[in-house]
Amino acid sequence: MANQLARVRAERGWTQAQLIARLRAAAAQRKVKLPTDESVKRRIAGWENQHKPVSDFYRPLLCDAYRLSAVELGIAGEPAPPSAQPLVVPELAERVTFSRLDGGLVELLHAQTQNIRMLDRRLGGATIYRQAAAHVETLDSLVRYALPGAHREAAADELSQAAALGGWQALDMGLTADAWRLHEIAVAAGRESGETAALAYARAQQAYILLDAGELEPALALVKSGQTHAGRRVSPLLRAWLHAAEGEALAALGRRDAALRALDAATTALPDNAQDDALPYLMLDAGYLARWRGHCLARLGDGDAIDDLTSALGSMGEGRYGRAEVSLRVDLALAFHARGDVTESRTHARRAADLAGRTGSERQRRRIAELLSA
C-alpha cells in the first residue's frame with residue numbers, strides 16, 4: 001500500500017518547513033542528528049512522490065512528528081512472518097521509561113524558556129520559533145511521562161508558559177493551526193499544573209487567535225472564561241492584563257464605552273510595582289498599558305489614540321522590541337488615517353513594514369497591506 005505522508009501533511013496544512021521543524025524536534029528528543037534542511041526536503045519529496053521508501057532511521061521520527069503510528073502513515077513495511085517474531089512478554093514490550101524530574105532540571109527548563117522569551121522580544125518569532133517549538137516538544141514529553149508530584153506540576157507550569165509563547169509566535173507568523181494547537185497544550189498544561197494564573201493566561205491569550213479569525217464573540221467569551229477562572233486568586237498584574245485583553249476584544253466588537261471601562265479597570269488594577277517574578281510572561285506597566293489603550297482606540301477609529309501611542313513609542317525606544325514596535329507603528333498609522341493625515345499614516349505604515357520584514361510578522365504584514373492599499 002502506498003504511504004499516506006502526502007495526504008496527512010495536506011490534512012494538517014503543514015508546509016515542508018513546518019514538517020522539517022517537527023522532525024528536528026523529534027530528532028533532538030531521540031538525540032540523533034539530521035542533515036541539512038535541503039537534504040531533508042529532498043527526502044520528503046521522494047517519500048511523498050512514492051518513489052523513495054522511508055528508512056528505519058526516519059520512520060520513528062515521522063511517527064513522532066505526526067503523532068501517528070507507522071501503520072497509520074502507511075510506512076510500516078511488510079510484517080515479518082509470525083515464526084520469525086521473538087517471544088516477548090507483554091509487560092516488557094509495553095514498559096515505559098518515566099521522567100524523574102527534580103528541582104534543578106525544572107530550573108534549567110525555566111531558564112531555557114526565559115532565554116527564548118527574551119530573544120523573541122528582540123528578534124521576533126520567525127527567528128526563534130523552531131527553537132521554541134522544540135522546547136515545547138521536550139517539555140511535553142517530560143511532563144507526559146513524569147512521575148506524580150510537585151516537580152511534575154512545576155514542569156507542567158513551564159510547559160504551559162512555553163506553549164503559550166510558541167503559540168503567540170505561530171500566530172504572529174500566520175500559522176493559525178499551530179497557534180491553536182500550542183494554546184491547547186498551554187491550557188491543558190495549565191490545568192495539570194494547578195496554577196490558576198497559567199490557565200487563566202493561556203485561555204485569554206488563545207482568544208487572540210479567534211479575534212484574528214473574525215470570531216469576535218467567542219473571543220470575548222474566552223477572555224471572560226480566563227477572568228472567571230482567575231477570580232481574585234491571581235496577582236493584580238495579571239488581573240490588569242485580563243481587563244486590558246477584555247478591552248481589546250470589546251474594541252474589536254465596536255463596543256467603545258465597554259472597552260474604555262475595561263481599560264480603566266486595567267489601569268486601576270495595575271500595581272505600582274509592575275514587576276512580578278512569578279509572571280515572567282507578562283510585560284505590563286503604565287507605558288505598555290498606554291500602548292494597549294492606544295491600540296484599542298485605533299481599532300475604534302479614534303484619532304485620540306495618537307497621544308497614547310506616541311507616548312508609548314517614546315517609552316519603548318526604537319529597535320528594542322521588534323514585534324511590539326511593529327504593532328505600535330501600525331496602530332499609529334491607523335490613528336493618523338482616522339484623523340485624515342494620510343502622509344503621517346503612510347510614514348508609520350512603511351516603517352512598520354520594514355520592521356515586520358525583519359521580524360517575520362505575517363500578522364502585522366496583513367494589517368500594513370490593508371493600510372497601504374487604502
# chains A, B, ... in the order shown; residues from 1 in each chain; ligands from 1
>>> residues_around(residues="region 129-145 of chain A", least_positions_apart="2", cutoff="8 Å", atoms="only C-alpha atoms", output="JSON, numbers by chain")
{"A": [21, 22, 24, 25, 26, 28, 29, 97, 98, 99, 109, 113, 116, 125, 126, 127, 147, 152, 155, 156, 158, 159, 162, 163, 165, 166, 169, 170]}
>>> write_last_selection(atoms="N, CA, C and O atoms", output="JSON list (two decimals), in the first residue's frame")
[["chain", "number", "residue", "atom", "x", "y", "z"],
["A", 21, "ALA", "N", 10.75, 21.19, 10.82],
["A", 21, "ALA", "CA", 10.92, 21.67, 12.20],
["A", 21, "ALA", "C", 10.50, 20.61, 13.20],
["A", 21, "ALA", "O", 11.16, 20.40, 14.23],
["A", 22, "ARG", "N", 9.42, 19.90, 12.88],
["A", 22, "ARG", "CA", 8.93, 18.86, 13.80],
["A", 22, "ARG", "C", 9.86, 17.63, 13.78],
["A", 22, "ARG", "O", 10.06, 16.98, 14.80],
["A", 24, "ARG", "N", 13.05, 17.79, 13.28],
["A", 24, "ARG", "CA", 14.24, 18.17, 14.07],
["A", 24, "ARG", "C", 13.93, 18.11, 15.57],
["A", 24, "ARG", "O", 14.79, 17.73, 16.37],
["A", 25, "ALA", "N", 12.72, 18.51, 15.95],
["A", 25, "ALA", "CA", 12.35, 18.40, 17.36],
["A", 25, "ALA", "C", 12.34, 16.94, 17.81],
["A", 25, "ALA", "O", 12.82, 16.60, 18.90],
["A", 26, "ALA", "N", 11.81, 16.06, 16.95],
["A", 26, "ALA", "CA", 11.80, 14.62, 17.28],
["A", 26, "ALA", "C", 13.21, 14.07, 17.34],
["A", 26, "ALA", "O", 13.54, 13.26, 18.22],
["A", 28, "ALA", "N", 15.93, 15.73, 18.09],
["A", 28, "ALA", "CA", 16.58, 16.23, 19.31],
["A", 28, "ALA", "C", 16.13, 15.41, 20.52],
["A", 28, "ALA", "O", 16.93, 15.10, 21.41],
["A", 29, "GLN", "N", 14.85, 15.05, 20.55],
["A", 29, "GLN", "CA", 14.34, 14.25, 21.66],
["A", 29, "GLN", "C", 14.99, 12.86, 21.69],
["A", 29, "GLN", "O", 15.28, 12.32, 22.75],
["A", 97, "THR", "N", 9.72, 4.30, 30.01],
["A", 97, "THR", "CA", 10.73, 4.97, 30.81],
["A", 97, "THR", "C", 10.14, 6.27, 31.33],
["A", 97, "THR", "O", 9.86, 7.19, 30.56],
["A", 98, "PHE", "N", 9.92, 6.35, 32.62],
["A", 98, "PHE", "CA", 9.29, 7.53, 33.21],
["A", 98, "PHE", "C", 10.33, 8.61, 33.48],
["A", 98, "PHE", "O", 11.49, 8.33, 33.78],
["A", 99, "SER", "N", 9.88, 9.86, 33.37],
["A", 99, "SER", "CA", 10.75, 11.00, 33.66],
["A", 99, "SER", "C", 10.89, 11.15, 35.17],
["A", 99, "SER", "O", 9.90, 11.10, 35.90],
["A", 109, "LEU", "N", 14.93, 24.12, 32.72],
["A", 109, "LEU", "CA", 13.87, 24.28, 31.72],
["A", 109, "LEU", "C", 13.28, 25.69, 31.76],
["A", 109, "LEU", "O", 12.99, 26.29, 30.73],
["A", 113, "THR", "N", 13.23, 28.53, 28.76],
["A", 113, "THR", "CA", 12.02, 29.26, 28.35],
["A", 113, "THR", "C", 12.26, 30.76, 28.39],
["A", 113, "THR", "O", 11.89, 31.49, 27.47],
["A", 116, "ILE", "N", 14.46, 31.99, 25.49],
["A", 116, "ILE", "CA", 13.67, 32.05, 24.26],
["A", 116, "ILE", "C", 12.76, 33.28, 24.29],
["A", 116, "ILE", "O", 12.61, 33.98, 23.29],
["A", 125, "GLY", "N", 9.32, 36.25, 16.36],
["A", 125, "GLY", "CA", 9.08, 34.81, 16.41],
["A", 125, "GLY", "C", 9.71, 34.01, 15.30],
["A", 125, "GLY", "O", 10.11, 32.86, 15.51],
["A", 126, "ALA", "N", 9.81, 34.57, 14.08],
["A", 126, "ALA", "CA", 10.32, 33.80, 12.96],
["A", 126, "ALA", "C", 11.74, 33.30, 13.21],
["A", 126, "ALA", "O", 12.12, 32.22, 12.78],
["A", 127, "THR", "N", 12.54, 34.09, 13.92],
["A", 127, "THR", "CA", 13.93, 33.72, 14.18],
["A", 127, "THR", "C", 14.04, 32.61, 15.20],
["A", 127, "THR", "O", 14.93, 31.76, 15.11],
["A", 147, "LEU", "N", 6.67, 11.20, 36.83],
["A", 147, "LEU", "CA", 6.01, 10.65, 37.99],
["A", 147, "LEU", "C", 5.23, 11.75, 38.72],
["A", 147, "LEU", "O", 5.63, 12.91, 38.70],
["A", 152, "ARG", "N", 6.52, 17.47, 38.84],
["A", 152, "ARG", "CA", 5.71, 17.33, 37.62],
["A", 152, "ARG", "C", 4.82, 18.56, 37.45],
["A", 152, "ARG", "O", 4.69, 19.08, 36.34],
["A", 155, "ALA", "N", 6.89, 21.45, 36.24],
["A", 155, "ALA", "CA", 7.24, 21.29, 34.82],
["A", 155, "ALA", "C", 6.04, 21.57, 33.93],
["A", 155, "ALA", "O", 6.18, 22.13, 32.84],
["A", 156, "ALA", "N", 4.85, 21.18, 34.39],
["A", 156, "ALA", "CA", 3.63, 21.47, 33.63],
["A", 156, "ALA", "C", 3.40, 22.98, 33.53],
["A", 156, "ALA", "O", 2.96, 23.48, 32.49],
["A", 158, "GLU", "N", 5.80, 25.20, 33.46],
["A", 158, "GLU", "CA", 6.76, 25.63, 32.44],
["A", 158, "GLU", "C", 6.26, 25.29, 31.04],
["A", 158, "GLU", "O", 6.41, 26.09, 30.10],
["A", 159, "LEU", "N", 5.66, 24.12, 30.88],
["A", 159, "LEU", "CA", 5.12, 23.73, 29.58],
["A", 159, "LEU", "C", 4.02, 24.69, 29.16],
["A", 159, "LEU", "O", 3.96, 25.10, 27.99],
["A", 162, "ALA", "N", 5.71, 27.92, 28.01],
["A", 162, "ALA", "CA", 6.45, 27.75, 26.75],
["A", 162, "ALA", "C", 5.49, 27.57, 25.58],
["A", 162, "ALA", "O", 5.72, 28.11, 24.49],
["A", 163, "ALA", "N", 4.43, 26.79, 25.78],
["A", 163, "ALA", "CA", 3.46, 26.56, 24.70],
["A", 163, "ALA", "C", 2.70, 27.84, 24.36],
["A", 163, "ALA", "O", 2.41, 28.10, 23.18],
["A", 165, "LEU", "N", 3.89, 30.85, 24.66],
["A", 165, "LEU", "CA", 4.86, 31.67, 23.93],
["A", 165, "LEU", "C", 4.99, 31.18, 22.48],
["A", 165, "LEU", "O", 4.93, 31.98, 21.53],
["A", 166, "GLY", "N", 5.16, 29.88, 22.30],
["A", 166, "GLY", "CA", 5.25, 29.34, 20.95],
["A", 166, "GLY", "C", 3.99, 29.58, 20.14],
["A", 166, "GLY", "O", 4.03, 29.87, 18.94],
["A", 169, "GLN", "N", 3.99, 33.14, 18.91],
["A", 169, "GLN", "CA", 4.90, 33.26, 17.77],
["A", 169, "GLN", "C", 4.24, 32.71, 16.51],
["A", 169, "GLN", "O", 4.33, 33.32, 15.44],
["A", 170, "ALA", "N", 3.61, 31.55, 16.63],
["A", 170, "ALA", "CA", 2.96, 30.94, 15.47],
["A", 170, "ALA", "C", 1.86, 31.86, 14.93],
["A", 170, "ALA", "O", 1.72, 32.03, 13.71]]
>>> residues_around(residues="region 240-256 of chain A", least_positions_apart="6", cutoff="6 Å", atoms="only C-alpha atoms", output="list in words")
Leu220, Ala262, Leu263, Ala266, Ala269, Leu270 and Cys296 of chain A
>>> select_by_dssp(residues="region 195-306 of chain A", states="helix (DSSP H, G or I)", output="number ranges by chain")
A: 196-212, 216-230, 236-252, 256-269, 286-299, 305-306
>>> residues_around(residues="Leu237 (chain A)", least_positions_apart="3", cutoff="12 Å", atoms="only C-alpha atoms", output="NGL selection string")
:A and (197 or 201 or 230 or 232-234 or 240-244 or 265-286 or 289)
>>> residues_around(residues="Pro35 (chain A)", least_positions_apart="5", cutoff="12 Å", atoms="only C-alpha atoms", output="tab-separated table (two decimals) with C-alpha atoms, in the first residue's frame")
chain	number	residue	atom	x	y	z
A	20	ILE	CA	11.16	19.64	8.97
A	23	LEU	CA	11.36	16.23	12.53
A	24	ARG	CA	14.24	18.17	14.07
A	27	ALA	CA	15.46	14.03	16.41
A	40	VAL	CA	15.56	16.50	4.36
A	41	LYS	CA	13.35	18.40	1.90
A	42	ARG	CA	14.52	16.11	-0.93
A	43	ARG	CA	13.72	13.07	1.18
A	58	TYR	CA	13.32	8.31	9.57
